[in-house]
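Shown here: target.tsv, TSV, C-alpha atoms.
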```
chain	number	residue	atom	x	y	z
A	1	MET	CA	14.49	-13.69	-21.78
A	2	ALA	CA	11.14	-15.42	-21.79
A	3	THR	CA	7.94	-14.19	-23.37
A	4	GLN	CA	4.93	-15.05	-21.21
A	5	ALA	CA	1.28	-15.55	-22.13
A	6	GLU	CA	-1.53	-13.46	-20.69
A	7	PRO	CA	-1.94	-14.80	-17.16
A	8	VAL	CA	-4.81	-15.61	-14.87
A	9	GLY	CA	-3.07	-15.28	-11.51
A	10	PRO	CA	-4.26	-16.71	-8.19
A	11	LEU	CA	-5.42	-13.29	-6.94
A	12	THR	CA	-7.62	-12.53	-9.93
A	13	GLY	CA	-10.74	-10.77	-8.68
A	14	VAL	CA	-9.04	-9.28	-5.61
A	15	ARG	CA	-9.18	-5.49	-5.52
A	16	VAL	CA	-6.38	-3.55	-3.84
A	17	VAL	CA	-6.12	0.18	-3.14
A	18	GLU	CA	-2.54	1.42	-2.73
A	19	LEU	CA	-2.06	4.89	-1.26
A	20	ALA	CA	1.07	6.09	-3.03
A	21	GLY	CA	4.40	5.98	-1.24
A	22	ILE	CA	7.95	4.82	-1.91
A	23	GLY	CA	9.93	1.72	-0.98
A	24	PRO	CA	8.37	-1.36	0.60
A	25	GLY	CA	4.72	-0.39	0.15
A	26	PRO	CA	4.87	-0.14	-3.65
A	27	PHE	CA	6.92	-3.34	-3.86
A	28	ALA	CA	4.34	-5.21	-1.76
A	29	ALA	CA	1.55	-3.88	-3.97
A	30	MET	CA	3.54	-4.91	-7.06
A	31	LEU	CA	3.76	-8.45	-5.73
A	32	LEU	CA	-0.02	-8.55	-5.22
A	33	ALA	CA	-0.47	-7.15	-8.74
A	34	ASP	CA	1.93	-9.75	-10.15
A	35	LEU	CA	-0.25	-12.42	-8.53
A	36	GLY	CA	-3.25	-11.14	-10.45
A	37	ALA	CA	-4.90	-8.61	-8.12
A	38	ASP	CA	-6.44	-5.45	-9.56
A	39	VAL	CA	-4.18	-2.93	-7.82
A	40	VAL	CA	-5.14	0.74	-8.12
A	41	ARG	CA	-2.48	3.15	-6.94
A	42	VAL	CA	-3.77	6.49	-5.67
A	43	ASP	CA	-1.09	8.97	-6.72
A	44	ARG	CA	-0.83	12.53	-5.50
A	45	PRO	CA	-0.34	15.37	-8.00
A	46	GLY	CA	3.37	16.12	-7.87
A	47	GLY	CA	3.80	13.31	-5.35
A	48	ALA	CA	7.11	11.88	-4.27
A	49	GLY	CA	8.69	9.09	-6.28
A	50	ILE	CA	12.08	7.43	-6.53
A	51	GLY	CA	13.65	10.08	-8.75
A	52	ILE	CA	13.28	8.31	-12.11
A	53	ASP	CA	10.78	8.45	-14.95
A	54	PRO	CA	7.61	6.79	-13.55
A	55	ALA	CA	7.39	4.78	-16.78
A	56	LEU	CA	10.55	2.95	-15.64
A	57	ASP	CA	9.58	2.35	-12.01
A	58	ILE	CA	9.09	-1.43	-12.17
A	59	THR	CA	7.42	-1.51	-8.75
A	60	ASN	CA	4.40	0.05	-10.46
A	61	ARG	CA	4.01	-2.64	-13.12
A	62	ASN	CA	0.73	-4.57	-13.44
A	63	LYS	CA	-1.09	-1.74	-11.63
A	64	ARG	CA	-3.45	1.05	-12.56
A	65	SER	CA	-3.19	4.62	-11.30
A	66	VAL	CA	-5.60	7.40	-10.43
A	67	LEU	CA	-4.67	10.92	-9.43
A	68	LEU	CA	-6.09	12.41	-6.24
A	69	ASP	CA	-5.20	15.25	-3.90
A	70	LEU	CA	-6.58	13.94	-0.62
A	71	LYS	CA	-6.08	17.25	1.16
A	72	SER	CA	-8.31	19.15	-1.24
A	73	ALA	CA	-10.75	16.38	-2.22
A	74	GLY	CA	-11.27	15.04	1.28
A	75	PRO	CA	-11.48	11.40	2.31
A	76	GLU	CA	-14.65	10.37	0.47
A	77	PRO	CA	-12.99	9.21	-2.80
A	78	VAL	CA	-10.66	6.86	-0.93
A	79	LEU	CA	-13.43	5.68	1.39
A	80	GLU	CA	-15.56	4.85	-1.63
A	81	MET	CA	-12.68	2.87	-3.12
A	82	ALA	CA	-12.13	1.09	0.21
A	83	GLU	CA	-15.82	0.17	0.22
A	84	ARG	CA	-15.32	-1.65	-3.10
A	85	ALA	CA	-11.89	-3.14	-2.29
A	86	ASP	CA	-10.63	-6.23	-0.51
A	87	VAL	CA	-7.33	-4.70	0.59
A	88	LEU	CA	-5.95	-1.21	1.25
A	89	ILE	CA	-2.23	-0.54	1.68
A	90	GLU	CA	-0.72	2.65	3.10
A	91	GLY	CA	2.79	3.56	4.18
A	92	TYR	CA	2.33	6.85	6.02
A	93	ARG	CA	3.77	7.67	9.42
A	94	PRO	CA	1.46	6.63	12.27
A	95	GLY	CA	-1.55	8.91	12.55
A	96	VAL	CA	-1.32	10.49	9.10
A	97	ALA	CA	-4.00	8.30	7.50
A	98	GLU	CA	-6.29	9.01	10.44
A	99	ARG	CA	-5.79	12.77	10.07
A	100	LEU	CA	-6.61	12.47	6.37
A	101	GLY	CA	-9.82	10.66	7.27
A	102	VAL	CA	-8.79	7.34	5.66
A	103	GLY	CA	-7.48	5.45	8.68
A	104	PRO	CA	-8.51	1.92	9.64
A	105	GLU	CA	-11.52	2.99	11.71
A	106	GLN	CA	-12.98	5.08	8.92
A	107	CYS	CA	-12.30	2.51	6.19
A	108	LEU	CA	-13.51	-0.51	8.16
A	109	ALA	CA	-16.69	1.36	9.04
A	110	ARG	CA	-17.42	1.51	5.31
A	111	ASN	CA	-16.23	-2.04	4.61
A	112	PRO	CA	-15.99	-4.40	7.61
A	113	ARG	CA	-14.37	-7.09	5.44
A	114	LEU	CA	-11.48	-4.85	4.40
A	115	VAL	CA	-7.89	-5.86	5.08
A	116	TYR	CA	-6.05	-2.66	6.00
A	117	GLY	CA	-2.29	-3.09	5.50
A	118	ARG	CA	0.06	-0.62	7.17
A	119	MET	CA	3.73	-0.48	6.13
A	120	THR	CA	6.20	1.41	8.31
A	121	GLY	CA	9.79	1.12	9.42
A	122	TRP	CA	9.30	1.39	13.18
A	123	GLY	CA	5.69	0.16	13.49
A	124	GLN	CA	2.53	1.85	14.69
A	125	ASP	CA	3.70	2.23	18.30
A	126	GLY	CA	6.87	2.37	20.38
A	127	PRO	CA	9.31	5.19	21.22
A	128	LEU	CA	10.51	5.57	17.61
A	129	ALA	CA	7.15	5.18	15.88
A	130	ASP	CA	6.92	8.86	14.90
A	131	ARG	CA	10.54	9.22	13.84
A	132	ALA	CA	11.82	9.29	10.26
A	133	GLY	CA	14.00	6.44	9.12
A	134	HIS	CA	15.44	4.42	6.28
A	135	ASP	CA	16.31	0.79	5.64
A	136	ILE	CA	19.85	1.09	7.02
A	137	GLY	CA	18.64	2.26	10.43
A	138	TYR	CA	15.93	-0.37	10.69
A	139	VAL	CA	18.29	-3.27	9.97
A	140	ALA	CA	20.91	-1.72	12.25
A	141	VAL	CA	18.83	-1.90	15.43
A	142	THR	CA	17.63	-5.46	14.73
A	143	GLY	CA	21.15	-6.86	14.86
A	144	SER	CA	20.91	-8.05	11.27
A	145	LEU	CA	23.31	-5.47	9.87
A	146	SER	CA	25.93	-6.44	12.43
A	147	VAL	CA	26.40	-9.92	10.93
A	148	ILE	CA	27.21	-8.74	7.40
A	149	GLY	CA	30.78	-7.83	6.49
A	150	PRO	CA	34.37	-8.67	7.34
A	151	ALA	CA	35.69	-8.93	10.87
A	152	ASP	CA	38.24	-6.16	10.26
A	153	GLY	CA	35.85	-3.63	8.74
A	154	PRO	CA	32.46	-2.02	9.25
A	155	PRO	CA	29.20	-3.84	8.51
A	156	VAL	CA	28.34	-3.97	4.81
A	157	VAL	CA	25.10	-2.33	3.67
A	158	PRO	CA	22.95	-4.89	1.74
A	159	ALA	CA	21.31	-2.23	-0.48
A	160	ASN	CA	17.68	-2.02	0.71
A	161	LEU	CA	16.95	-5.69	0.07
A	162	LEU	CA	17.15	-6.95	3.65
A	163	GLY	CA	15.02	-4.32	5.38
A	164	ASP	CA	12.62	-2.65	2.94
A	165	PHE	CA	11.80	-5.67	0.83
A	166	ALA	CA	12.59	-8.83	2.83
A	167	GLY	CA	11.73	-7.55	6.31
A	168	GLY	CA	9.08	-5.12	5.07
A	169	SER	CA	7.27	-5.91	1.82
A	170	MET	CA	7.30	-9.69	2.14
A	171	TYR	CA	5.89	-9.56	5.67
A	172	LEU	CA	3.20	-7.08	4.64
A	173	VAL	CA	2.15	-9.38	1.79
A	174	THR	CA	2.19	-12.42	4.08
A	175	GLY	CA	0.03	-10.59	6.61
A	176	VAL	CA	-2.36	-9.25	3.99
A	177	LEU	CA	-2.90	-12.68	2.42
A	178	ALA	CA	-3.42	-14.31	5.83
A	179	ALA	CA	-5.91	-11.61	6.85
A	180	LEU	CA	-7.66	-11.87	3.48
A	181	HIS	CA	-8.10	-15.61	4.02
A	182	HIS	CA	-9.54	-14.91	7.48
A	183	ALA	CA	-11.85	-12.20	6.14
A	184	ARG	CA	-13.27	-14.52	3.51
A	185	ALA	CA	-13.76	-17.30	6.05
A	186	HIS	CA	-15.24	-15.19	8.84
A	187	GLY	CA	-16.49	-11.98	7.20
A	188	ARG	CA	-14.25	-9.73	9.30
A	189	GLY	CA	-11.40	-7.59	8.06
A	190	GLN	CA	-8.58	-6.36	10.24
A	191	VAL	CA	-5.47	-4.17	10.41
A	192	VAL	CA	-2.08	-5.61	9.46
A	193	ASP	CA	0.75	-3.72	11.19
A	194	ALA	CA	3.87	-4.59	9.17
A	195	ALA	CA	7.02	-2.97	10.59
A	196	ILE	CA	10.42	-3.44	8.96
A	197	VAL	CA	12.04	-3.81	12.38
A	198	ASP	CA	9.67	-6.68	13.20
A	199	GLY	CA	10.09	-8.51	9.90
A	200	THR	CA	13.86	-8.12	9.77
A	201	SER	CA	14.15	-9.35	13.35
A	202	HIS	CA	11.97	-12.33	12.45
A	203	LEU	CA	14.36	-13.20	9.62
A	204	SER	CA	17.13	-13.72	12.17
A	205	ALA	CA	15.25	-16.48	14.05
A	206	LEU	CA	17.72	-19.21	13.05
A	207	LEU	CA	20.69	-17.12	14.15
A	208	HIS	CA	19.14	-16.45	17.56
A	209	GLY	CA	18.67	-20.18	18.05
A	210	MET	CA	22.26	-20.84	17.03
A	211	LEU	CA	23.42	-18.04	19.34
A	212	ARG	CA	21.64	-19.62	22.29
A	213	ALA	CA	23.10	-23.03	21.40
A	214	GLY	CA	26.64	-21.65	21.20
A	215	ALA	CA	26.85	-22.33	17.47
A	216	TRP	CA	26.95	-18.62	16.56
A	217	GLN	CA	29.14	-15.91	18.06
A	218	ASP	CA	27.83	-12.37	18.38
A	219	ARG	CA	30.55	-10.88	16.18
A	220	ARG	CA	31.50	-10.94	12.52
A	221	GLY	CA	34.06	-13.13	10.85
A	222	VAL	CA	33.87	-16.21	13.08
A	223	ASN	CA	30.62	-17.89	12.05
A	224	PRO	CA	29.60	-20.57	9.52
A	225	LEU	CA	27.61	-18.32	7.18
A	226	ASP	CA	29.32	-14.93	7.51
A	227	GLY	CA	32.29	-15.60	5.23
A	228	SER	CA	34.74	-16.60	7.92
A	229	TYR	CA	35.03	-20.22	6.75
A	230	PRO	CA	37.54	-20.57	3.90
A	231	PHE	CA	35.14	-22.89	2.10
A	232	TYR	CA	32.15	-20.52	2.39
A	233	GLY	CA	33.03	-17.13	1.01
A	234	VAL	CA	34.03	-15.05	-1.99
A	235	TYR	CA	37.35	-15.13	-3.85
A	236	GLU	CA	38.84	-12.80	-6.44
A	237	THR	CA	39.62	-14.19	-9.89
A	238	ALA	CA	42.39	-13.34	-12.37
A	239	ASP	CA	40.33	-10.66	-14.12
A	240	GLY	CA	39.14	-8.91	-10.95
A	241	GLY	CA	35.84	-10.82	-10.88
A	242	HIS	CA	34.68	-12.94	-8.00
A	243	LEU	CA	33.72	-16.52	-7.32
A	244	ALA	CA	31.24	-17.48	-4.61
A	245	VAL	CA	32.12	-20.72	-2.81
A	246	GLY	CA	29.63	-22.59	-0.62
A	247	ALA	CA	31.32	-25.98	-0.15
A	248	LEU	CA	30.16	-26.50	3.43
A	249	GLU	CA	29.50	-30.25	3.37
A	250	ALA	CA	32.49	-32.59	3.22
A	251	ARG	CA	31.54	-34.25	-0.07
A	252	PHE	CA	31.06	-30.89	-1.78
A	253	TYR	CA	34.32	-29.63	-0.30
A	254	ASP	CA	36.20	-32.67	-1.62
A	255	GLU	CA	34.85	-32.03	-5.11
A	256	PHE	CA	35.73	-28.35	-4.79
A	257	LEU	CA	39.35	-29.16	-3.94
A	258	ASP	CA	39.56	-31.72	-6.72
A	259	ARG	CA	38.29	-29.22	-9.29
A	260	LEU	CA	40.79	-26.66	-8.04
A	261	GLY	CA	43.63	-29.15	-8.38
A	262	LEU	CA	44.30	-29.14	-4.66
A	263	SER	CA	44.43	-32.00	-2.18
A	264	GLU	CA	44.62	-32.30	1.59
A	265	ALA	CA	48.23	-32.63	2.70
A	266	ARG	CA	49.47	-35.89	4.19
A	267	PRO	CA	51.01	-35.66	7.65
A	268	ASP	CA	54.52	-36.11	6.18
A	269	ALA	CA	54.04	-33.62	3.32
A	270	SER	CA	55.92	-30.36	3.04
A	271	PRO	CA	53.81	-27.40	4.21
A	272	ASP	CA	55.30	-25.36	1.36
A	273	ASP	CA	53.68	-27.43	-1.40
A	274	PRO	CA	51.18	-25.04	-3.06
A	275	THR	CA	49.08	-27.94	-4.37
A	276	THR	CA	48.18	-29.12	-0.89
A	277	VAL	CA	46.00	-27.64	1.83
A	278	PRO	CA	45.85	-28.23	5.59
A	279	PRO	CA	42.90	-30.13	7.12
A	280	ARG	CA	39.71	-28.10	7.01
A	281	ASP	CA	38.65	-29.29	10.48
A	282	ASP	CA	41.46	-27.31	12.11
A	283	PRO	CA	40.44	-23.63	12.36
A	284	ALA	CA	43.99	-22.72	13.32
A	285	SER	CA	45.09	-23.67	9.80
A	286	TRP	CA	42.36	-21.73	8.03
A	287	PRO	CA	44.53	-18.71	7.15
A	288	LEU	CA	46.81	-21.02	5.13
A	289	LEU	CA	43.82	-22.86	3.66
A	290	ARG	CA	42.28	-19.57	2.55
A	291	GLU	CA	45.60	-18.44	1.10
A	292	ARG	CA	46.00	-21.63	-0.97
A	293	ILE	CA	42.44	-21.47	-2.27
A	294	ALA	CA	42.78	-17.78	-3.10
A	295	ALA	CA	46.04	-18.39	-5.00
A	296	ARG	CA	44.41	-21.08	-7.15
A	297	VAL	CA	41.30	-19.03	-7.84
A	298	ARG	CA	43.45	-16.12	-9.03
A	299	THR	CA	44.94	-18.28	-11.81
A	300	ARG	CA	41.81	-18.10	-13.99
A	301	THR	CA	39.14	-15.58	-14.89
A	302	ARG	CA	35.69	-15.62	-13.35
A	303	ASP	CA	34.05	-17.00	-16.49
A	304	GLU	CA	36.72	-19.67	-16.94
A	305	TRP	CA	36.04	-20.90	-13.42
A	306	ALA	CA	32.28	-20.71	-14.02
A	307	ARG	CA	32.62	-23.05	-16.99
A	308	HIS	CA	35.00	-25.29	-15.06
A	309	PHE	CA	32.55	-25.77	-12.19
A	310	ALA	CA	29.35	-25.70	-14.26
A	311	ASP	CA	28.72	-29.46	-14.15
A	312	SER	CA	29.86	-30.08	-10.58
A	313	ASP	CA	28.37	-30.27	-7.09
A	314	ALA	CA	31.15	-28.14	-5.64
A	315	CYS	CA	28.65	-25.34	-4.87
A	316	VAL	CA	30.57	-22.67	-6.76
A	317	ALA	CA	28.99	-19.80	-8.70
A	318	PRO	CA	30.23	-16.65	-10.45
A	319	VAL	CA	29.29	-13.34	-8.84
A	320	LEU	CA	27.30	-11.60	-11.57
A	321	SER	CA	26.23	-8.00	-11.92
A	322	LEU	CA	22.62	-6.89	-12.31
A	323	ARG	CA	23.12	-6.53	-16.07
A	324	GLU	CA	24.78	-9.92	-16.37
A	325	ALA	CA	22.31	-11.93	-14.30
A	326	PRO	CA	19.53	-12.22	-16.95
A	327	HIS	CA	22.00	-13.91	-19.30
A	328	HIS	CA	23.09	-16.66	-16.92
A	329	PRO	CA	22.24	-19.95	-18.68
A	330	HIS	CA	20.13	-21.30	-15.83
A	331	LEU	CA	18.17	-18.09	-15.27
A	332	ALA	CA	17.68	-17.67	-19.02
A	333	ALA	CA	16.39	-21.23	-19.35
A	334	ARG	CA	13.86	-20.70	-16.55
A	335	GLY	CA	12.77	-17.28	-17.76
A	336	THR	CA	13.71	-15.76	-14.40
A	337	PHE	CA	14.00	-12.40	-16.17
A	338	VAL	CA	11.68	-11.08	-18.85
A	339	GLU	CA	11.67	-8.08	-21.15
A	340	HIS	CA	8.52	-5.99	-21.21
A	341	ALA	CA	8.02	-2.61	-22.84
A	342	GLY	CA	11.76	-2.47	-23.52
A	343	THR	CA	12.81	-3.04	-19.90
A	344	VAL	CA	14.54	-6.19	-18.67
A	345	GLN	CA	13.16	-7.06	-15.24
A	346	PRO	CA	12.65	-9.99	-12.85
A	347	ALA	CA	9.66	-12.14	-13.76
A	348	PRO	CA	6.89	-12.55	-11.18
A	349	ALA	CA	7.61	-15.14	-8.52
A	350	PRO	CA	6.76	-17.72	-7.32
A	351	ARG	CA	5.23	-19.86	-10.09
A	352	PHE	CA	1.83	-21.51	-10.20
A	353	SER	CA	0.77	-24.58	-12.15
A	354	ASP	CA	-2.89	-23.61	-12.66
A	355	THR	CA	-2.89	-19.82	-12.39
A	356	PRO	CA	0.25	-18.55	-14.14
A	357	THR	CA	1.43	-15.00	-13.64
A	358	ALA	CA	3.27	-12.57	-15.92
A	359	VAL	CA	4.24	-8.97	-16.46
A	360	ARG	CA	0.99	-7.82	-18.05
A	361	THR	CA	1.42	-4.06	-18.20
A	362	ALA	CA	4.19	-1.51	-18.02
A	363	PRO	CA	4.59	0.65	-14.89
A	364	ALA	CA	1.52	2.79	-14.34
A	365	ARG	CA	2.21	6.48	-14.71
A	366	PRO	CA	0.42	8.72	-12.20
A	367	GLY	CA	-3.18	9.21	-13.22
A	368	GLN	CA	-2.85	7.10	-16.37
A	369	HIS	CA	-5.97	5.00	-15.69
A	370	HIS	CA	-8.12	7.55	-13.89
A	371	ALA	CA	-11.22	7.41	-16.12
A	372	GLU	CA	-10.84	3.67	-16.64
A	373	VAL	CA	-10.84	2.92	-12.89
A	374	VAL	CA	-13.79	5.23	-12.27
A	375	ARG	CA	-15.74	3.24	-14.85
A	376	ASP	CA	-14.61	-0.25	-13.82
A	377	TRP	CA	-15.04	0.28	-10.07
A	378	GLY	CA	-18.27	2.26	-10.43
A	379	LEU	CA	-16.87	5.26	-8.54
A	380	THR	CA	-18.79	8.50	-8.11
A	381	ALA	CA	-16.71	10.47	-5.61
A	382	LEU	CA	-13.35	10.46	-7.41
A	383	PRO	CA	-12.84	13.88	-9.05
A	384	ALA	CA	-11.95	14.00	-12.72
A	385	ALA	CA	-8.22	14.27	-13.40
A	386	GLU	CA	-7.84	17.34	-15.60
A	387	ALA	CA	-4.18	16.87	-16.45
A	388	THR	CA	-2.17	13.88	-15.33
A	389	SER	CA	1.50	13.03	-15.52
A	390	ALA	CA	0.45	10.35	-18.01
A	391	ASP	CA	-0.07	13.26	-20.37
A	392	HIS	CA	3.18	14.94	-19.36
A	393	PRO	CA	5.49	12.22	-17.98
A	394	GLN	CA	8.23	13.56	-15.75
A	395	PRO	CA	10.52	12.00	-13.15
A	396	ARG	CA	9.07	12.35	-9.68
A	397	LYS	CA	11.10	13.76	-6.85
A	398	ALA	CA	12.77	11.42	-4.40
A	399	ARG	CA	11.94	11.77	-0.74
A	400	PRO	CA	14.82	13.42	1.17
```
Structure encoded using structure tokens:
Amino acid sequence: MATQAEPVGPLTGVRVVELAGIGPGPFAAMLLADLGADVVRVDRPGGAGIGIDPALDITNRNKRSVLLDLKSAGPEPVLEMAERADVLIEGYRPGVAERLGVGPEQCLARNPRLVYGRMTGWGQDGPLADRAGHDIGYVAVTGSLSVIGPADGPPVVPANLLGDFAGGSMYLVTGVLAALHHARAHGRGQVVDAAIVDGTSHLSALLHGMLRAGAWQDRRGVNPLDGSYPFYGVYETADGGHLAVGALEARFYDEFLDRLGLSEARPDASPDDPTTVPPRDDPASWPLLRERIAARVRTRTRDEWARHFADSDACVAPVLSLREAPHHPHLAARGTFVEHAGTVQPAPAPRFSDTPTAVRTAPARPGQHHAEVVRDWGLTALPAAEATSADHPQPRKARP
């Protein structure tokens, strides 16, 4: 793992207020913090977390935390922070921020240049806007979940990567940065309504075009990128591991077969020869093609195949676990993962030539930087934190 120097970061000087939540909001704020922004997370005493020690919640790295009970303190402390900030991020259900007195109208009245980022699953309006939800339901209604998994089984849940983080966090960050650019050019802030259902649907733009063109069928197991092609999928190895094969183009496919020790059968060849495969352009022969490839892949372990294909353009890669990934030679050489405060974690991304980024600080524990933020931001309305979870670190409760 790489050791990185103290960074500058392209967002140095940008101040962000994050009203504490779980899931895509904290991840989006982490990304802004990774890019150099001064992100202050407003934690609630006894507030909900992800059920682990806050000191290990990587989504709170590179941030600072203050402790505030909005219900008892009232809105003024947050409004004062919004007045001094460039960006505010909240992930409440629609209407909650307004009832707490820290909604867009109230915050923009104090700071007309503020970018107010709202992160929800369903969005700020629509029939489901007020309903509870989780990643799996959001990706389900967008059609995105339906394309993942085998034809003869149910859709496969992609953890919370597709909805919460790809369709949610990344779109919130994109919107916030675009609105921040506009605010600096024109002096006007605005509200960014980032809904997971919107972002996840947007991610499927290519598939909708292919669907209209007849190049994609609206069912699993028959499409170019859903694992139905024998030369684009996952195969089990001799040790129970797996090999990912992406030999879509003909030249890569030819190299893949050659490395496997297989060749396309001549018209007069015996169909029972296990070293030959039928033509890949004939979908009717794909079951046999898949069977022959699978049989060859099962003759070696995952790591043996990884070494065998390491210097080729066959588009083959071992399927690694989360613990194994940091040790992959390519990822290790690039410093894709780093170790900070004893925790191995993904390094900030993307990379910048003039304003490098890094993991600067460990995850902020609730209230850990209360006095420091009051001083640095020149705050007067934020009550003193008498006892914070930085003094008594405990795992926070997960939201049901």
From A:Gly367, A:Gly149, A:Gly241, A:Pro274, residue lying nearest A:Ser321 [only C-alpha atoms]: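 Answer, going by the shortest atom-to-atom distance: A:Gly241.
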Selected residue of minimal separation from A:Ser228 among A:Arg44, A:His202, A:Arg375, A:Arg290, counting all atoms listed in the file: A:Arg290
Contact residues around A:Asp164 with all atoms listed in the file at 12 Å, ignoring same-chain residues under 5 positions, as an NGL selection string: :A and (22-28 or 91 or 119-122 or 133-139 or 158-159 or 169-172 or 194-200)
Straight-line distance linking atom CA of A:Arg184 with atom CA of A:Ala349, stated in Å to one decimal: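 Between atom CA of A:Arg184 and atom CA of A:Ala349 the gap is 24.1 Å.
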Set the distance at 12 Å and use all atoms listed in the file: which residues neighbour A:His340 once local chain neighbours fewer than 3 positions away are removed? I'd like the list as a short mmCIF file (atom, residue, chain, number, x, y, z; two decimals) with C-alpha atoms, keeping the file's coordinate frame.
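Printed below is out.cif as written:
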```cif
data_model
loop_
_atom_site.label_atom_id
_atom_site.label_comp_id
_atom_site.auth_asym_id
_atom_site.auth_seq_id
_atom_site.Cartn_x
_atom_site.Cartn_y
_atom_site.Cartn_z
CA MET A 1 14.49 -13.69 -21.78
CA ALA A 2 11.14 -15.42 -21.79
CA THR A 3 7.94 -14.19 -23.37
CA GLN A 4 4.93 -15.05 -21.21
CA ALA A 55 7.39 4.78 -16.78
CA LEU A 56 10.55 2.95 -15.64
CA ILE A 58 9.09 -1.43 -12.17
CA ARG A 61 4.01 -2.64 -13.12
CA ASN A 62 0.73 -4.57 -13.44
CA PHE A 337 14.00 -12.40 -16.17
CA THR A 343 12.81 -3.04 -19.90
CA VAL A 344 14.54 -6.19 -18.67
CA GLN A 345 13.16 -7.06 -15.24
CA PRO A 346 12.65 -9.99 -12.85
CA ALA A 347 9.66 -12.14 -13.76
CA ALA A 358 3.27 -12.57 -15.92
CA VAL A 359 4.24 -8.97 -16.46
CA ARG A 360 0.99 -7.82 -18.05
CA THR A 361 1.42 -4.06 -18.20
CA ALA A 362 4.19 -1.51 -18.02
CA PRO A 363 4.59 0.65 -14.89
#
```
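Residue nearest A:Val115, chosen from A:Ala294, A:Val16, A:Ala215, A:Leu257 and counting all atoms listed in the file: A:Val16.
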Atom CA of A:Gly117 to atom CA of A:Val192, straight-line distance in Å: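 So the answer is 4.7 Å.
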Among the residues A:Thr355, A:Thr276, A:Gln368, A:Gln106, the one that comes closest to A:Thr12 [using only C-alpha atoms]: A:Thr355
Two-atom distance - atom CA of A:Ala140, atom CA of A:Leu161 (Å):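 Spanning atom CA of A:Ala140 to atom CA of A:Leu161 is a straight-line distance of 13.4 Å.
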Selection near A:Leu68, 7 Å with only C-alpha atoms, sequence-local residues under 3 positions removed, as a list of chain:residue names: A:Val42, A:Asp43, A:Arg44, A:Pro45
Nearest residue to A:Leu203 from the set A:Ala166, A:Val191, A:Leu260, A:Ala29 (distances using all atoms listed in the file): A:Ala166
Residues within 8 Å of A:Arg84, only C-alpha atoms, excluding chain neighbours under 5 positions, as a PyMOL selection string: chain A and resi 15+111+377
Can you sort out the box for stretch 367-386 of chain A, edges along x, y and z, all listed atoms in, 6 Å on every side, with centre and edge lengths in Å to one decimal, as lines of an AutoDock Vina configuration file?
```
center_x = -10.8
center_y = 8.5
center_z = -11.1
size_x = 27.9
size_y = 29.6
size_z = 23.0
```
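You can rank A:Leu114, A:Arg298, A:Ile293, A:Val338 by their closest distance to A:His186 using only C-alpha atoms, and at the top of that list sits A:Leu114.
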Excluding A:Pro383 and its own-chain neighbours fewer than 3 positions away, which residues fall within 9 Å of it when counting only C-alpha atoms? Please give them as a PDB file with C-alpha atoms, in the coordinates of the input.
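For reference, out.pdb as written:
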```pdb
ATOM      1  CA  LEU A  67      -4.670  10.920  -9.430  1.00  0.00           C
ATOM      2  CA  LEU A  68      -6.090  12.410  -6.240  1.00  0.00           C
ATOM      3  CA  ALA A  73     -10.750  16.380  -2.220  1.00  0.00           C
ATOM      4  CA  PRO A  77     -12.990   9.210  -2.800  1.00  0.00           C
ATOM      5  CA  THR A 380     -18.790   8.500  -8.110  1.00  0.00           C
ATOM      6  CA  GLU A 386      -7.840  17.340 -15.600  1.00  0.00           C
TER       7      GLU A 386
END
```
